[in-house]
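Structure below is model22.txt: compact mmCIF, C-alpha atoms and all ligand atoms.
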# COMPACT_ATOMS: atom_id res chain seq x y z
CA MET H 1 0.00 0.00 0.00
CA LYS H 2 2.79 2.39 1.06
CA ASN H 3 4.82 1.42 -2.02
CA LYS H 4 1.83 2.06 -4.27
CA LEU H 5 1.35 5.51 -2.69
CA THR H 6 5.06 6.35 -3.13
CA ALA H 7 4.91 5.24 -6.75
CA LYS H 8 1.82 7.38 -7.28
CA ILE H 9 3.54 10.45 -5.73
CA ALA H 10 6.62 9.83 -7.88
CA LEU H 11 4.43 9.58 -10.98
CA VAL H 12 2.54 12.78 -10.14
CA SER H 13 5.82 14.65 -9.46
CA GLY H 14 7.22 13.33 -12.74
CA VAL H 15 4.20 14.60 -14.65
CA LEU H 16 4.49 17.96 -12.87
CA VAL H 17 8.17 18.30 -13.81
CA ILE H 18 7.38 17.52 -17.45
CA ALA H 19 4.45 19.97 -17.45
CA LEU H 20 6.61 22.67 -15.85
CA SER H 21 9.40 22.14 -18.41
CA ALA H 22 6.83 22.45 -21.19
CA VAL H 23 5.62 25.76 -19.71
CA VAL H 24 9.21 27.09 -19.46
CA TYR H 25 9.90 26.05 -23.05
CA ALA H 26 6.62 27.50 -24.33
CA GLN H 27 7.27 30.79 -22.52
CA SER H 28 10.78 31.10 -23.92
CA GLN H 29 9.41 30.42 -27.41
CA SER H 30 6.30 32.58 -27.38
CA GLY H 31 7.45 35.65 -25.51
CA MET H 32 4.45 35.27 -23.18
CA ARG H 33 4.63 37.68 -20.24
CA GLN H 34 1.58 36.90 -18.16
CA GLY H 35 0.15 33.81 -16.50
CA PRO H 36 0.51 31.89 -13.24
CA MET H 37 4.26 31.36 -13.70
CA HIS H 38 4.92 35.05 -14.32
CA GLY H 39 7.96 36.16 -12.33
CA MET H 40 9.26 32.68 -11.59
CA MET H 41 9.82 31.86 -15.26
CA ASN H 42 10.50 35.36 -16.47
CA HIS H 43 14.28 35.30 -17.04
CA GLN H 44 15.48 38.86 -17.05
CA ASP H 45 18.50 40.44 -18.64
CA SER H 46 21.03 41.36 -15.93
CA ASP H 47 21.48 44.92 -17.27
CA THR H 48 17.84 45.68 -18.03
CA SER H 49 14.33 44.77 -16.89
CA LEU H 50 13.71 43.00 -20.19
CA ARG H 51 12.99 39.33 -20.82
CA THR H 52 15.89 37.36 -22.30
CA GLY H 53 14.07 34.38 -23.80
CA GLY H 54 16.63 32.17 -22.01
CA GLN H 55 20.08 30.98 -23.03
CA GLY H 56 18.67 28.99 -25.95
CA MET H 57 17.44 32.18 -27.57
CA GLN H 58 20.86 33.86 -27.43
CA ARG H 59 22.57 30.72 -28.79
CA MET H 60 20.12 30.68 -31.69
CA MET H 61 21.36 34.16 -32.67
CA GLN H 62 25.00 33.08 -33.13
CA GLY H 63 25.97 33.65 -36.75
CA THR H 64 29.09 33.04 -38.82
CA ASP H 65 30.07 36.65 -38.04
CA THR H 66 28.30 38.01 -34.96
CA THR H 67 29.53 39.58 -31.75
CA GLN H 68 28.05 38.59 -28.38
CA ALA H 69 26.60 42.08 -28.11
CA GLU H 70 24.77 41.65 -31.43
CA GLU H 71 23.47 38.22 -30.39
CA ARG H 72 22.21 39.65 -27.10
CA GLU H 73 20.44 42.48 -28.94
CA LEU H 74 18.75 40.07 -31.32
CA ALA H 75 17.62 37.81 -28.47
CA LEU H 76 16.19 40.81 -26.58
CA LEU H 77 14.37 42.11 -29.67
CA PHE H 78 12.73 38.73 -30.23
CA ALA H 79 11.91 38.13 -26.56
CA ASN H 80 10.38 41.60 -26.12
CA HIS H 81 8.85 42.12 -29.58
CA GLN H 82 5.46 42.93 -28.04
CA LEU H 83 6.95 46.13 -26.57
CA LEU H 84 7.77 47.44 -30.06
CA SER H 85 5.51 49.35 -32.43
CA ARG H 86 6.07 49.81 -36.13
CA ASN H 87 4.79 51.76 -39.08
CA VAL H 88 5.88 51.05 -42.66
CA THR H 89 5.28 52.96 -45.89
CA HIS H 90 6.15 51.31 -49.19
CA LEU H 91 7.51 54.06 -51.44
CA PRO H 92 7.64 53.54 -55.24
CA ASN H 93 11.44 53.46 -54.89
CA GLY H 94 11.90 52.05 -51.38
CA ILE H 95 10.64 52.15 -47.83
CA GLU H 96 10.06 54.46 -44.92
CA THR H 97 9.80 52.80 -41.51
CA LEU H 98 9.34 53.98 -37.96
CA THR H 99 10.02 51.47 -35.19
CA GLU H 100 9.68 52.50 -31.56
CA SER H 101 9.29 51.33 -27.97
CA ASP H 102 8.06 53.11 -24.85
CA ASN H 103 10.64 51.02 -22.99
CA PRO H 104 13.85 53.12 -23.16
CA GLU H 105 16.15 50.09 -22.78
CA LEU H 106 14.50 48.30 -25.68
CA ALA H 107 14.49 51.50 -27.77
CA ALA H 108 18.27 51.79 -27.23
CA ILE H 109 18.77 48.13 -28.19
CA LEU H 110 16.65 48.61 -31.32
CA ILE H 111 18.66 51.67 -32.37
CA SER H 112 21.93 49.83 -31.83
CA HIS H 113 20.66 46.84 -33.88
CA VAL H 114 19.49 48.98 -36.79
CA VAL H 115 22.57 51.23 -36.90
CA GLY H 116 24.91 48.22 -36.58
CA MET H 117 23.10 46.07 -39.13
CA ILE H 118 22.70 48.83 -41.71
CA ASN H 119 26.40 49.45 -41.32
CA ARG H 120 26.98 45.74 -41.97
CA ALA H 121 24.73 45.87 -45.04
CA ASP H 122 26.58 48.95 -46.37
CA THR H 123 29.95 47.28 -45.95
CA GLY H 124 28.90 43.77 -47.03
CA ARG H 125 29.48 42.05 -43.67
CA ASP H 126 26.69 39.45 -43.54
CA PRO H 127 26.13 38.29 -39.93
CA GLY H 128 25.15 34.82 -41.22
CA VAL H 129 22.58 33.99 -38.55
CA VAL H 130 21.03 30.58 -39.36
CA ILE H 131 17.48 31.81 -38.88
CA GLN H 132 17.88 35.03 -40.86
CA SER H 133 15.71 35.72 -43.88
CA PRO H 134 17.11 34.99 -47.38
CA THR H 135 15.88 38.48 -48.31
CA LEU H 136 19.02 39.75 -46.56
CA ASP H 137 21.10 38.02 -49.30
CA ASP H 138 19.43 40.30 -51.87
CA LEU H 139 20.01 43.38 -49.72
CA PHE H 140 23.70 42.50 -49.29
CA GLN H 141 24.09 41.77 -53.02
CA ASN H 142 22.38 45.00 -54.10
CA ARG H 143 24.00 47.19 -51.46
CA GLY H 144 25.62 49.45 -54.08
CA ASP H 145 22.16 50.44 -55.29
CA ILE H 146 20.62 51.17 -51.88
CA GLN H 147 20.73 54.57 -50.16
CA THR H 148 19.89 54.70 -46.47
CA HIS H 149 18.94 57.59 -44.25
CA ILE H 150 18.45 56.94 -40.54
CA GLU H 151 17.16 59.28 -37.89
CA THR H 152 16.61 58.51 -34.23
CA THR H 153 13.35 59.66 -32.63
CA THR H 154 12.59 60.05 -28.92
CA ASN H 155 11.50 56.41 -28.67
CA GLY H 156 13.18 54.68 -31.57
CA ILE H 157 14.34 55.03 -35.13
CA LYS H 158 13.12 56.10 -38.53
CA VAL H 159 14.67 54.48 -41.62
CA VAL H 160 14.33 55.61 -45.24
CA GLN H 161 15.89 53.34 -47.86
CA THR H 162 15.68 53.98 -51.60
CA ALA H 163 17.01 52.23 -54.70
CA SER H 164 16.78 52.43 -58.50
CA ASP H 165 16.81 48.70 -59.48
CA PRO H 166 13.28 47.21 -59.15
CA ASN H 167 14.81 44.06 -57.60
CA SER H 168 16.40 46.14 -54.83
CA VAL H 169 13.09 47.96 -54.25
CA LYS H 170 11.26 44.62 -54.06
CA ALA H 171 13.81 43.29 -51.54
CA LEU H 172 13.43 46.46 -49.43
CA HIS H 173 9.61 46.07 -49.42
CA THR H 174 9.83 42.35 -48.55
CA HIS H 175 12.38 42.90 -45.78
CA ALA H 176 10.37 45.76 -44.24
CA ASP H 177 7.29 43.50 -44.15
CA GLU H 178 9.34 40.67 -42.62
CA VAL H 179 10.57 42.98 -39.86
CA THR H 180 6.95 44.03 -39.24
CA ASP H 181 5.96 40.37 -38.87
CA MET H 182 8.83 39.82 -36.39
CA VAL H 183 7.70 42.87 -34.42
CA GLU H 184 4.14 41.52 -34.34
CA ARG H 185 4.79 37.80 -33.77
CA GLY H 186 8.43 37.41 -32.67
CA MET H 187 9.89 33.93 -33.10
CA MET H 188 6.62 32.55 -34.48
CA SER H 189 7.21 34.63 -37.61
CA VAL H 190 10.67 33.10 -38.11
CA HIS H 191 9.48 29.54 -37.42
CA GLU H 192 6.71 29.83 -39.98
CA ALA H 193 8.94 31.42 -42.61
CA MET H 194 11.54 28.67 -42.17
CA MET H 195 8.90 25.90 -42.29
CA SER H 196 7.44 27.30 -45.51
CA ARG H 197 10.91 27.42 -47.13
CA GLY H 198 11.57 23.79 -46.27
CA PRO H 199 14.73 22.07 -44.95
CA GLY H 200 18.09 23.67 -45.72
CA HIS H 201 16.68 27.07 -46.78
C1 LIG Y 1 17.84 36.75 -37.39
C2 LIG Y 1 17.70 37.92 -36.83
C3 LIG Y 1 17.98 39.23 -37.50
C4 LIG Y 1 19.00 39.59 -38.35
C5 LIG Y 1 20.15 38.72 -38.86
C6 LIG Y 1 18.80 40.98 -38.70
C7 LIG Y 1 19.59 41.70 -39.56
C8 LIG Y 1 19.29 42.96 -40.06
C9 LIG Y 1 19.99 43.62 -41.13
C10 LIG Y 1 21.20 43.08 -41.89
C11 LIG Y 1 19.40 44.82 -41.32
C12 LIG Y 1 19.81 45.91 -42.35
C13 LIG Y 1 19.00 45.73 -43.62
C14 LIG Y 1 19.20 46.82 -44.64
O1 LIG Y 1 20.24 47.48 -44.67
O2 LIG Y 1 18.30 47.04 -45.47
C15 LIG Y 1 18.31 44.92 -40.36
C16 LIG Y 1 17.46 46.00 -40.25
C17 LIG Y 1 16.48 46.08 -39.32
N1 LIG Y 1 16.13 45.15 -38.38
FE1 LIG Y 1 16.96 43.34 -38.13
N2 LIG Y 1 17.69 41.45 -38.04
C18 LIG Y 1 17.15 40.42 -37.30
C19 LIG Y 1 16.05 40.47 -36.47
C20 LIG Y 1 15.36 41.61 -36.18
C21 LIG Y 1 14.31 41.71 -35.20
C22 LIG Y 1 13.84 40.55 -34.31
C23 LIG Y 1 13.85 42.99 -35.22
C24 LIG Y 1 12.78 43.62 -34.39
C25 LIG Y 1 11.85 42.94 -33.78
C26 LIG Y 1 14.63 43.70 -36.22
C27 LIG Y 1 14.47 45.02 -36.56
C28 LIG Y 1 15.10 45.66 -37.62
C29 LIG Y 1 14.76 47.00 -38.11
C30 LIG Y 1 13.69 47.93 -37.52
C31 LIG Y 1 15.61 47.26 -39.18
C32 LIG Y 1 15.69 48.56 -40.06
C33 LIG Y 1 15.00 48.33 -41.41
C34 LIG Y 1 13.50 48.48 -41.32
O3 LIG Y 1 12.99 49.30 -40.51
O4 LIG Y 1 12.79 47.79 -42.07
N3 LIG Y 1 15.53 42.83 -36.78
N4 LIG Y 1 18.29 43.78 -39.60
Could you write out this file's structure as structure tokens?
Ligand code: HEM
Amino acid sequence: MKNKLTAKIALVSGVLVIALSAVVYAQSQSGMRQGPMHGMMNHQDSDTSLRTGGQGMQRMMQGTDTTQAEERELALLFANHQLLSRNVTHLPNGIETLTESDNPELAAILISHVVGMINRADTGRDPGVVIQSPTLDDLFQNRGDIQTHIETTTNGIKVVQTASDPNSVKALHTHADEVTDMVERGMMSVHEAMMSRGPGH
């Protein structure tokens, strides 16, 4: 009888551990902030009050040419995407975007990401992150045709990019829409895009 009870307790604890792990995993994937586990499961960045998405998230951002600071920024943008707002205008020859956050730490991270990445695009230094969109290949290839103007705002950054080649303009439109989807849905956007491209793409 006692053995049966012990076995039952062990089984229940086992199920609880599995359920808890699933919640931790789901939270790190979805960027969920609320719920009964809020606080306990909400890993926070040591320098900011932002969510980190866990160590897995930062590892996922390692590219063939990325610094730890860039990986951290990417992880924080994904994990806190719901704190960002975005407005995009497709111009006949490019894009105009405004991306902002009321959270000053996230706004600073966003600005650093955009300035750093546009600098990479201008100088042809592809970060080579596994999960990055193939549209970036087109932007890197056509970099000679793309003019960029960036301007910081109180809460974020405004980007105007123009080009003369219709292929460059198309890539700018596509990339701007992809960033919007990442702002709206975080990692889910990347997962779906990768699934629809199939293995190895
Ligand atoms: C795999 C992860 C990512 C990589 C490798 C990446 C890389 C880049 C690169 C190379 C650019 C410059 C593109 C150009 O010059 O036209 C860029 C721009 C930008 N990225 Fe990222 N990025 C990533 C994820 C994100 C995320 C998660 C966000 C925000 C949630 C974000 C927000 C932006 C914004 C706002 C711009 C400026 C262009 C625009 O407003 O459309 N990025 N990124």
Region 45-48 of chain H, all listed atoms, 3 Å padding on each side: what axis-aligned box centre and edge lengths in Å to one decimal come out, as lines of an AutoDock Vina configuration file?
center_x = 19.7
center_y = 43.1
center_z = -17.3
size_x = 9.6
size_y = 11.2
size_z = 8.7
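Counting only C-alpha atoms and all ligand atoms and comparing H:Gln68, H:Thr174, H:Gln132, H:Gln161, the residue that lies closest to ligand LIG 1 (chain Y) is H:Gln132.
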- Task: Go through the chains and note each residue within 7 Å of ligand LIG 1 (chain Y), using all atoms listed in the file, then give the set as a VMD selection string.
- Result: chain H and resid 61 74 77 to 78 81 97 to 99 110 113 to 114 117 to 118 120 to 122 126 to 129 131 to 133 136 139 159 172 175 to 176 179 182 to 183 186
Item to complete: Have a look at H:Ser112, H:Ser196, H:Gln58, H:Gln44 and name the one nearest to Thr152 (chain H); count only C-alpha atoms.
Response: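 Closest candidate: H:Ser112.
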>> If we count all atoms listed in the file and set the cut-off at 12 Å, which residues sit around Asp165 (chain H), ignoring sequence neighbours fewer than 2 positions away in its own chain? Please answer as a list in words.
In response: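 Once the nearby chain positions are removed, what remains is Pro92, Asn93, Gly94, Asp138, Leu139, Gln141, Asn142, Arg143, Gly144, Asp145, Ile146, Gln147, Thr162, Ala163, Asn167, Ser168, Val169, Lys170, Ala171 and Leu172 of chain H.
Minimum atom-to-atom distance to Leu83 (chain H), evaluated using all atoms listed in the file, belongs to H:Asn103 out of H:Asn103, H:Ser49, H:Gln62, H:Ser164.
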**Message:** Nearest residue to Ile150 (chain H) out of H:Thr89, H:Thr66, H:Ser101, H:Asn119, using all atoms listed in the file?
**Reply:**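 That would be H:Asn119, the residue with the smallest distance to Ile150 (chain H).
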I'd like to know which of H:Arg197, H:Glu96, H:Arg185, H:Asp102 is closest to Thr148 (chain H), using all atoms listed in the file.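 For Thr148 (chain H), the nearest of the given residues is H:Glu96.
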**Study point:** Residue among H:Arg86, H:Arg125, H:Arg59, H:His149 lying closest to Ala107 (chain H), counting all atoms listed in the file
**Key:**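 Of the candidates, the smallest distance to Ala107 (chain H) is held by H:Arg86.
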